[in-house]
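*Asks:* Supplied structure: run-v8.txt, compact mmCIF, C-alpha atoms.
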# COMPACT_ATOMS: atom_id res chain seq x y z
CA MET A 1 -25.85 45.89 -16.45
CA PHE A 2 -22.11 45.30 -15.92
CA GLN A 3 -22.84 42.67 -13.26
CA ARG A 4 -25.25 40.88 -15.58
CA MET A 5 -22.60 40.79 -18.31
CA LEU A 6 -20.08 39.43 -15.81
CA VAL A 7 -22.44 36.64 -14.70
CA SER A 8 -23.27 35.86 -18.33
CA THR A 9 -19.53 35.57 -19.19
CA LEU A 10 -18.95 33.41 -16.12
CA VAL A 11 -21.80 31.04 -17.05
CA LYS A 12 -20.70 30.88 -20.71
CA GLU A 13 -17.08 30.16 -19.83
CA SER A 14 -18.02 27.54 -17.23
CA LEU A 15 -20.42 25.78 -19.61
CA LEU A 16 -17.79 25.75 -22.35
CA ILE A 17 -15.30 23.97 -20.05
CA LEU A 18 -17.96 21.52 -18.80
CA LEU A 19 -19.09 20.77 -22.35
CA ALA A 20 -15.53 20.21 -23.59
CA GLY A 21 -14.85 17.91 -20.60
CA ALA A 22 -18.09 15.97 -21.14
CA ILE A 23 -17.41 15.45 -24.85
CA LEU A 24 -13.77 14.40 -24.44
CA GLY A 25 -14.44 12.24 -21.38
CA GLY A 26 -17.58 10.71 -22.87
CA VAL A 27 -16.01 9.86 -26.24
CA LEU A 28 -12.73 8.52 -24.87
CA ASN A 29 -14.25 6.47 -22.03
CA GLN A 30 -17.28 4.91 -23.73
CA GLY A 31 -16.35 1.43 -22.45
CA LEU A 32 -16.17 2.58 -18.84
CA ILE A 33 -19.50 4.42 -19.06
CA ARG A 34 -21.20 1.40 -20.67
CA ALA A 35 -19.77 -0.90 -17.98
CA SER A 36 -21.04 1.42 -15.26
CA PHE A 37 -24.59 1.27 -16.62
CA ASN A 38 -24.76 -2.52 -17.03
CA GLY A 39 -23.23 -3.27 -13.62
CA GLU A 40 -19.91 -4.65 -14.92
CA LEU A 41 -17.93 -1.77 -13.44
CA LEU A 42 -18.96 -2.53 -9.85
CA THR A 43 -18.16 -6.22 -10.38
CA LYS A 44 -14.70 -5.34 -11.75
CA ILE A 45 -14.05 -2.96 -8.85
CA GLY A 46 -15.05 -5.69 -6.37
CA GLN A 47 -12.75 -8.23 -8.06
CA LYS A 48 -9.83 -5.78 -8.06
CA GLN A 49 -10.27 -4.95 -4.39
CA THR A 50 -10.60 -8.59 -3.35
CA ALA A 51 -7.46 -9.46 -5.32
CA GLU A 52 -5.54 -6.63 -3.63
CA LEU A 53 -6.82 -7.72 -0.24
CA LYS A 54 -5.76 -11.33 -0.86
CA THR A 55 -2.29 -10.18 -1.87
CA LYS A 56 -2.09 -8.20 1.34
CA ALA A 57 -3.37 -11.16 3.36
CA GLY A 58 -0.61 -13.48 2.11
CA GLN A 59 -1.18 -16.93 3.66
CA ILE A 60 -4.35 -16.04 5.59
CA PRO A 61 -7.30 -17.99 4.09
CA PHE A 62 -10.45 -16.28 2.80
CA ILE A 63 -13.81 -17.95 3.41
CA LYS A 64 -16.71 -17.67 0.97
CA LEU A 65 -20.03 -16.28 2.14
CA PRO A 66 -22.08 -19.55 1.84
CA GLU A 67 -19.36 -21.52 3.69
CA ALA A 68 -19.32 -18.89 6.45
CA ARG A 69 -23.10 -19.18 6.69
CA ALA A 70 -22.84 -22.97 6.99
CA LEU A 71 -20.34 -22.65 9.85
CA PHE A 72 -22.62 -20.04 11.44
CA ASP A 73 -25.57 -22.47 11.31
CA GLU A 74 -23.48 -25.30 12.75
CA ARG A 75 -22.08 -22.93 15.41
CA ALA A 76 -18.67 -24.18 14.35
CA ALA A 77 -17.00 -20.77 14.13
CA VAL A 78 -16.84 -17.55 16.12
CA PHE A 79 -17.39 -14.36 14.12
CA VAL A 80 -15.21 -11.37 15.02
CA ASP A 81 -16.13 -7.81 13.96
CA SER A 82 -13.01 -5.69 13.38
CA ARG A 83 -14.86 -2.44 12.60
CA SER A 84 -15.25 0.47 15.04
CA SER A 85 -17.31 0.06 18.22
CA THR A 86 -19.91 2.44 16.79
CA ASP A 87 -20.37 0.32 13.66
CA TYR A 88 -20.48 -2.85 15.78
CA ARG A 89 -23.12 -1.42 18.13
CA GLU A 90 -25.22 -0.27 15.19
CA SER A 91 -25.36 -3.71 13.60
CA HIS A 92 -23.22 -6.84 13.31
CA VAL A 93 -23.37 -10.53 12.40
CA GLN A 94 -25.61 -12.21 14.96
CA GLY A 95 -23.52 -13.41 17.90
CA ALA A 96 -20.30 -11.81 16.59
CA ARG A 97 -17.75 -10.49 19.06
CA GLY A 98 -16.66 -6.88 18.64
CA LEU A 99 -12.89 -6.51 18.55
CA PRO A 100 -11.92 -3.27 16.77
CA LEU A 101 -8.40 -3.44 15.37
CA VAL A 102 -7.56 -0.05 16.92
CA SER A 103 -8.56 -1.25 20.41
CA LEU A 104 -6.50 -4.45 20.07
CA VAL A 105 -3.42 -2.54 18.95
CA GLN A 106 -3.77 -0.28 22.02
CA ASN A 107 -4.44 -3.13 24.44
CA ARG A 108 -3.35 -6.60 23.36
CA HIS A 109 -4.87 -8.21 26.50
CA LEU A 110 -8.29 -7.42 25.02
CA ALA A 111 -7.99 -10.56 22.87
CA GLU A 112 -7.87 -12.78 25.98
CA GLU A 113 -11.17 -11.26 27.17
CA ILE A 114 -13.06 -11.24 23.89
CA VAL A 115 -11.68 -14.33 22.13
CA PRO A 116 -10.26 -16.45 25.00
CA ASP A 117 -10.31 -19.85 23.21
CA LYS A 118 -7.20 -20.04 21.05
CA THR A 119 -8.22 -23.33 19.44
CA ALA A 120 -11.57 -22.08 18.06
CA LEU A 121 -12.12 -21.17 14.42
CA TYR A 122 -12.45 -17.41 14.03
CA ILE A 123 -14.02 -15.67 11.04
CA VAL A 124 -12.97 -12.04 10.95
CA TYR A 125 -14.80 -9.41 8.92
CA CYS A 126 -14.99 -5.65 8.37
CA SER A 127 -16.77 -3.39 5.86
CA GLY A 128 -16.20 -5.64 2.86
CA GLU A 129 -14.27 -5.03 -0.34
CA GLY A 130 -11.78 -2.21 -0.01
CA CYS A 131 -11.57 -2.60 3.76
CA ASP A 132 -8.37 -4.13 5.15
CA LEU A 133 -9.21 -4.04 8.87
CA ALA A 134 -10.18 -7.72 8.89
CA VAL A 135 -6.93 -8.79 7.25
CA GLU A 136 -4.91 -6.67 9.68
CA LEU A 137 -6.84 -8.06 12.67
CA ALA A 138 -6.38 -11.61 11.38
CA LYS A 139 -2.63 -10.97 11.13
CA GLU A 140 -2.59 -9.68 14.72
CA LEU A 141 -4.52 -12.69 16.03
CA ILE A 142 -2.28 -15.16 14.20
CA SER A 143 0.81 -13.43 15.58
CA MET A 144 -0.73 -13.78 19.06
CA GLY A 145 -1.03 -17.55 18.69
CA TYR A 146 -4.48 -18.08 17.19
CA PRO A 147 -3.93 -20.71 14.47
CA ASN A 148 -7.46 -20.85 12.99
CA VAL A 149 -8.33 -17.43 11.64
CA GLU A 150 -10.09 -16.83 8.31
CA VAL A 151 -11.27 -13.64 6.62
CA LEU A 152 -14.74 -13.05 5.22
CA GLY A 153 -13.90 -10.90 2.16
CA GLU A 154 -17.49 -9.72 1.55
CA GLY A 155 -17.56 -8.43 5.12
CA TYR A 156 -20.61 -7.15 6.95
CA PRO A 157 -22.21 -5.59 3.81
CA GLY A 158 -22.07 -8.95 1.98
CA TRP A 159 -23.56 -10.80 4.97
CA PHE A 160 -26.30 -8.20 5.38
CA GLU A 161 -27.15 -8.05 1.67
CA ALA A 162 -27.45 -11.87 1.58
CA GLY A 163 -30.20 -11.54 4.20
CA TYR A 164 -28.25 -13.49 6.83
CA PRO A 165 -28.94 -12.89 10.55
CA VAL A 166 -27.70 -9.63 12.05
CA GLU A 167 -28.34 -7.90 15.35
CA SER A 168 -27.80 -4.56 17.02
CA SER A 169 -26.28 -3.86 20.44
CA GLN A 170 -28.03 -0.55 21.06
CA MET B 1 1.06 46.77 -1.67
CA GLN B 2 0.39 48.50 -4.99
CA ASP B 3 -2.51 47.42 -7.16
CA SER B 4 -0.29 45.96 -9.93
CA SER B 5 1.74 44.00 -7.35
CA LYS B 6 -1.48 42.64 -5.89
CA GLN B 7 -2.53 41.54 -9.37
CA TYR B 8 0.67 39.54 -9.76
CA VAL B 9 -0.08 37.79 -6.46
CA PHE B 10 -3.40 36.73 -7.96
CA VAL B 11 -1.62 35.59 -11.14
CA VAL B 12 0.60 33.37 -8.97
CA PHE B 13 -2.55 32.05 -7.27
CA ARG B 14 -4.04 31.37 -10.71
CA PHE B 15 -0.95 29.44 -11.83
CA LEU B 16 -0.94 27.48 -8.56
CA VAL B 17 -4.58 26.36 -8.83
CA GLY B 18 -4.16 25.75 -12.58
CA ALA B 19 -1.06 23.59 -12.18
CA ILE B 20 -2.63 21.50 -9.38
CA PHE B 21 -5.83 20.90 -11.36
CA LEU B 22 -4.00 20.12 -14.59
CA TRP B 23 -1.79 17.62 -12.77
CA ALA B 24 -4.70 16.04 -10.86
CA GLY B 25 -6.80 15.78 -14.03
CA ALA B 26 -3.98 14.36 -16.16
CA GLU B 27 -3.19 11.66 -13.57
CA LYS B 28 -6.82 10.52 -13.59
CA ILE B 29 -7.17 10.73 -17.39
CA LEU B 30 -4.35 8.18 -17.64
CA SER B 31 -6.16 5.68 -15.39
CA PRO B 32 -9.95 6.28 -15.29
CA PHE B 33 -10.64 2.82 -13.84
CA ASP B 34 -8.44 3.52 -10.80
CA PHE B 35 -10.29 6.80 -10.33
CA SER B 36 -13.62 4.95 -10.48
CA VAL B 37 -12.34 2.70 -7.65
CA ALA B 38 -11.50 5.82 -5.62
CA ILE B 39 -15.02 7.22 -6.16
CA TYR B 40 -16.57 3.83 -5.28
CA ASN B 41 -14.65 3.80 -1.97
CA TYR B 42 -16.68 6.80 -0.76
CA ARG B 43 -19.69 4.45 -0.77
CA LEU B 44 -22.06 7.25 -1.65
CA PHE B 45 -22.67 6.84 -5.38
CA PRO B 46 -24.40 4.27 -7.62
CA GLY B 47 -22.51 2.58 -10.50
CA PRO B 48 -23.62 4.89 -13.37
CA VAL B 49 -22.66 8.02 -11.41
CA ILE B 50 -19.24 6.48 -10.69
CA GLY B 51 -18.67 5.68 -14.38
CA LEU B 52 -19.76 9.12 -15.60
CA ALA B 53 -17.78 10.99 -12.95
CA ALA B 54 -14.63 8.92 -13.55
CA SER B 55 -14.90 9.60 -17.28
CA VAL B 56 -15.79 13.30 -17.35
CA LEU B 57 -14.43 14.85 -14.14
CA PRO B 58 -10.71 14.37 -14.95
CA TRP B 59 -11.16 16.14 -18.29
CA VAL B 60 -13.06 19.01 -16.68
CA GLU B 61 -10.27 19.33 -14.08
CA ALA B 62 -7.52 19.26 -16.71
CA ILE B 63 -9.24 21.75 -19.04
CA ALA B 64 -10.01 24.14 -16.16
CA GLY B 65 -6.38 23.83 -15.02
CA LEU B 66 -5.12 24.52 -18.55
CA CYS B 67 -7.40 27.57 -18.82
CA LEU B 68 -6.04 28.98 -15.57
CA LEU B 69 -2.45 28.42 -16.68
CA THR B 70 -2.96 30.03 -20.10
CA GLY B 71 -5.22 32.81 -18.87
CA LEU B 72 -8.08 31.90 -21.20
CA ASN B 73 -11.62 31.63 -19.78
CA THR B 74 -10.13 32.23 -16.34
CA LYS B 75 -13.33 33.30 -14.59
CA GLY B 76 -15.24 30.23 -15.76
CA ALA B 77 -12.30 27.99 -14.91
CA ALA B 78 -11.93 29.54 -11.44
CA ALA B 79 -15.68 29.10 -10.87
CA ILE B 80 -15.39 25.41 -11.75
CA THR B 81 -12.28 24.78 -9.62
CA SER B 82 -13.95 26.57 -6.67
CA LEU B 83 -17.12 24.54 -7.05
CA LEU B 84 -15.18 21.28 -7.37
CA LEU B 85 -13.05 22.09 -4.31
CA LEU B 86 -16.21 22.87 -2.34
CA VAL B 87 -17.62 19.46 -3.31
CA PHE B 88 -14.29 17.73 -2.49
CA VAL B 89 -14.12 19.35 0.98
CA GLY B 90 -17.74 18.32 1.63
CA LEU B 91 -17.08 14.73 0.53
CA ILE B 92 -13.94 14.42 2.64
CA VAL B 93 -15.70 15.87 5.71
CA ILE B 94 -18.62 13.43 5.30
CA SER B 95 -16.26 10.47 4.81
CA ALA B 96 -14.05 11.41 7.76
CA ALA B 97 -17.19 11.78 9.91
CA ARG B 98 -18.29 8.28 8.82
CA GLY B 99 -14.92 6.91 9.93
CA LEU B 100 -13.83 5.83 6.43
CA ASP B 101 -10.08 5.33 6.16
CA ILE B 102 -9.69 5.63 2.40
CA ASP B 103 -7.52 7.35 -0.17
CA CYS B 104 -9.32 10.54 -1.22
CA GLY B 105 -8.57 9.85 -4.90
CA CYS B 106 -7.58 13.49 -5.37
CA PHE B 107 -4.38 12.69 -7.27
CA GLY B 108 -4.11 9.42 -9.18
CA GLY B 109 -0.56 8.40 -8.31
CA VAL B 110 -0.21 10.01 -4.87
CA GLU B 111 -1.88 8.48 -1.83
CA ARG B 112 -3.70 11.05 0.28
CA ARG B 113 -5.92 9.74 3.08
CA VAL B 114 -9.29 11.23 3.98
CA GLY B 115 -8.85 13.29 7.15
CA LEU B 116 -8.13 16.65 8.71
CA GLN B 117 -4.98 17.32 6.67
CA ALA B 118 -6.78 16.76 3.35
CA ILE B 119 -9.70 18.94 4.53
CA LEU B 120 -7.38 21.83 5.50
CA GLU B 121 -5.34 21.59 2.28
CA ASP B 122 -8.44 21.57 0.08
CA ALA B 123 -10.03 24.41 2.09
CA ALA B 124 -6.87 26.50 1.64
CA LEU B 125 -6.87 25.81 -2.09
CA LEU B 126 -10.58 26.70 -2.19
CA ILE B 127 -9.82 30.13 -0.68
CA VAL B 128 -7.05 30.67 -3.25
CA SER B 129 -9.38 29.62 -6.06
CA ILE B 130 -12.16 31.96 -4.87
CA ALA B 131 -9.60 34.80 -4.67
CA VAL B 132 -8.73 34.14 -8.33
CA LEU B 133 -12.42 34.11 -9.23
CA LEU B 134 -13.16 37.40 -7.47
CA PHE B 135 -10.02 39.50 -7.76
CA GLU B 136 -7.77 38.32 -10.57
CA ARG B 137 -7.90 40.69 -13.58
CA ASN B 138 -5.95 38.57 -15.99
CA PRO B 139 -2.89 40.73 -16.75
CA LEU B 140 -0.87 37.79 -18.06
CA ASN B 141 -2.34 35.42 -20.62
CA VAL B 142 -1.52 33.80 -23.95
CA ARG B 143 -3.66 36.28 -25.93
CA VAL B 144 -1.55 39.18 -24.68
CA LEU B 145 1.59 37.15 -25.32
CA PHE B 146 0.63 36.37 -28.95
CA ARG B 147 -0.44 39.96 -29.62
CA SER B 148 2.86 41.29 -28.32
CA MET B 149 4.71 38.88 -30.62
CA LEU B 150 2.90 40.07 -33.78
CA PRO B 151 5.06 42.51 -35.78
CA GLY B 152 3.86 46.11 -35.98
CA ARG B 153 1.35 45.69 -33.12
CA VAL B 154 1.74 47.63 -29.92
CA GLU B 155 -0.19 46.51 -26.87
CA LYS B 156 -2.36 49.37 -25.65
Kindly present the structure from the file in structure tokens form.

*Replies:*
Amino acid sequence: MFQRMLVSTLVKESLLILLAGAILGGVLNQGLIRASFNGELLTKIGQKQTAELKTKAGQIPFIKLPEARALFDERAAVFVDSRSSTDYRESHVQGARGLPLVSLVQNRHLAEEIVPDKTALYIVYCSGEGCDLAVELAKELISMGYPNVEVLGEGYPGWFEAGYPVESSQ
Amino acid sequence: MQDSSKQYVFVVFRFLVGAIFLWAGAEKILSPFDFSVAIYNYRLFPGPVIGLAASVLPWVEAIAGLCLLTGLNTKGAAAITSLLLLVFVGLIVISAARGLDIDCGCFGGVERRVGLQAILEDAALLIVSIAVLLFERNPLNVRVLFRSMLPGRVEK
């Protein structure tokens, strides 16, 4: 009997707090909730993250997805995957070279093995918006004497979602 | 330790969890869009869930924190903070296992990366919150304070 009363009080008190939170949050953030249901919120988040990434990148150029695809078709650029080896093995842009930022920081000679041609155009990518691995890797490569490095802001998710060619190394 | 002394330890626990949740909630209430970005970075939730969570969760956190600080609805508030901490620990473990290097979004203005330190801190706070839920008997709250301030009333 006592235990049942205790549980009943617990449930009532919890529901009261949840209800108060839902009403206040719902009423005061109607715009945000509406934007989340019509897809505007995700677009805004993407724009914010890309803008932050570009600020971080400074002078390093960003390449748009269709332009990257055109260079891929012409075989005019080498794609470099800066994500972890596990992510790379699972799936990557077809023909991309795997050069995780962590591995390069630990062993800078790795660049000579994986991307030996310093004059080639390199397109570096990672996990898309919100991920700064590609920008950091691009900075490293430029500091090591690679003049033509660009960042694919949409990253692997953007490439994959566009239906462009990918492959696995497993 | 005597029973009354133990109770004051739990009151300190209650204030600790309350203050942390009130602070965390208030930070997010001030910038719900930034909190929605933090939720998005976990890459687990669709847009509508992100919008609803970013709108409601900060208020639930702040109200639960306020309840714990004032001693009103403490059991319900402690149940909510325990449940939320359990979810937060789970989310951080999953994200760390997926290799995501992101800010956990726990406190609006303070950067706290997903990883072992965040897991241990949240797990410790979870234990404290569960202790409040199970053992705290509410000897210090605003009701008692107001009653004691009323003239001619003696607290039994």

*Asks:* Could you tell me which residues of chain A sit within 7 Å of chain B when counting only C-alpha atoms, and give me the result as a PDB file with C-alpha atoms, in the frame of the given file?

*Replies:*
ATOM      1  CA  LEU A  10     -18.950  33.410 -16.120  1.00  0.00           C
ATOM      2  CA  VAL A  11     -21.800  31.040 -17.050  1.00  0.00           C
ATOM      3  CA  GLU A  13     -17.080  30.160 -19.830  1.00  0.00           C
ATOM      4  CA  SER A  14     -18.020  27.540 -17.230  1.00  0.00           C
ATOM      5  CA  ILE A  17     -15.300  23.970 -20.050  1.00  0.00           C
ATOM      6  CA  LEU A  18     -17.960  21.520 -18.800  1.00  0.00           C
ATOM      7  CA  GLY A  21     -14.850  17.910 -20.600  1.00  0.00           C
ATOM      8  CA  ALA A  22     -18.090  15.970 -21.140  1.00  0.00           C
ATOM      9  CA  LEU A  24     -13.770  14.400 -24.440  1.00  0.00           C
ATOM     10  CA  GLY A  25     -14.440  12.240 -21.380  1.00  0.00           C
ATOM     11  CA  GLY A  26     -17.580  10.710 -22.870  1.00  0.00           C
ATOM     12  CA  ASN A  29     -14.250   6.470 -22.030  1.00  0.00           C
ATOM     13  CA  LEU A  32     -16.170   2.580 -18.840  1.00  0.00           C
ATOM     14  CA  ILE A  33     -19.500   4.420 -19.060  1.00  0.00           C
ATOM     15  CA  SER A  36     -21.040   1.420 -15.260  1.00  0.00           C
ATOM     16  CA  PHE A  37     -24.590   1.270 -16.620  1.00  0.00           C
ATOM     17  CA  GLY A  39     -23.230  -3.270 -13.620  1.00  0.00           C
ATOM     18  CA  LEU A  41     -17.930  -1.770 -13.440  1.00  0.00           C
ATOM     19  CA  LEU A  42     -18.960  -2.530  -9.850  1.00  0.00           C
ATOM     20  CA  ILE A  45     -14.050  -2.960  -8.850  1.00  0.00           C
ATOM     21  CA  GLY A 130     -11.780  -2.210  -0.010  1.00  0.00           C
TER      22      GLY A 130
END

*Asks:* What is the distance, in Å and to one decimal place, between CA of Tyr42 in chain B and CA of Ser95 in chain B?

*Replies:*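 Interatomic distance, CA of Tyr42 in chain B to CA of Ser95 in chain B: 6.7 Å.
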
*Asks:* Would you work out the distance separating CA of Gly153 in chain A from CA of Gly31 in chain A, expressed in Å to one decimal?

*Replies:*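 Between CA of Gly153 in chain A and CA of Gly31 in chain A the gap is 27.6 Å.
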
*Asks:* What does the structure give for the distance between CA of Asn148 in chain A and CA of Ala134 in chain A, in Å to one decimal?

*Replies:* 14.0 Å

*Asks:* So which residues touch range 142-147 of chain A within 7 Å, counting all atoms listed in the file, skipping near sequence neighbours fewer than 4 positions away, as JSON, numbers by chain?

*Replies:* {"A": [118, 119, 138]}
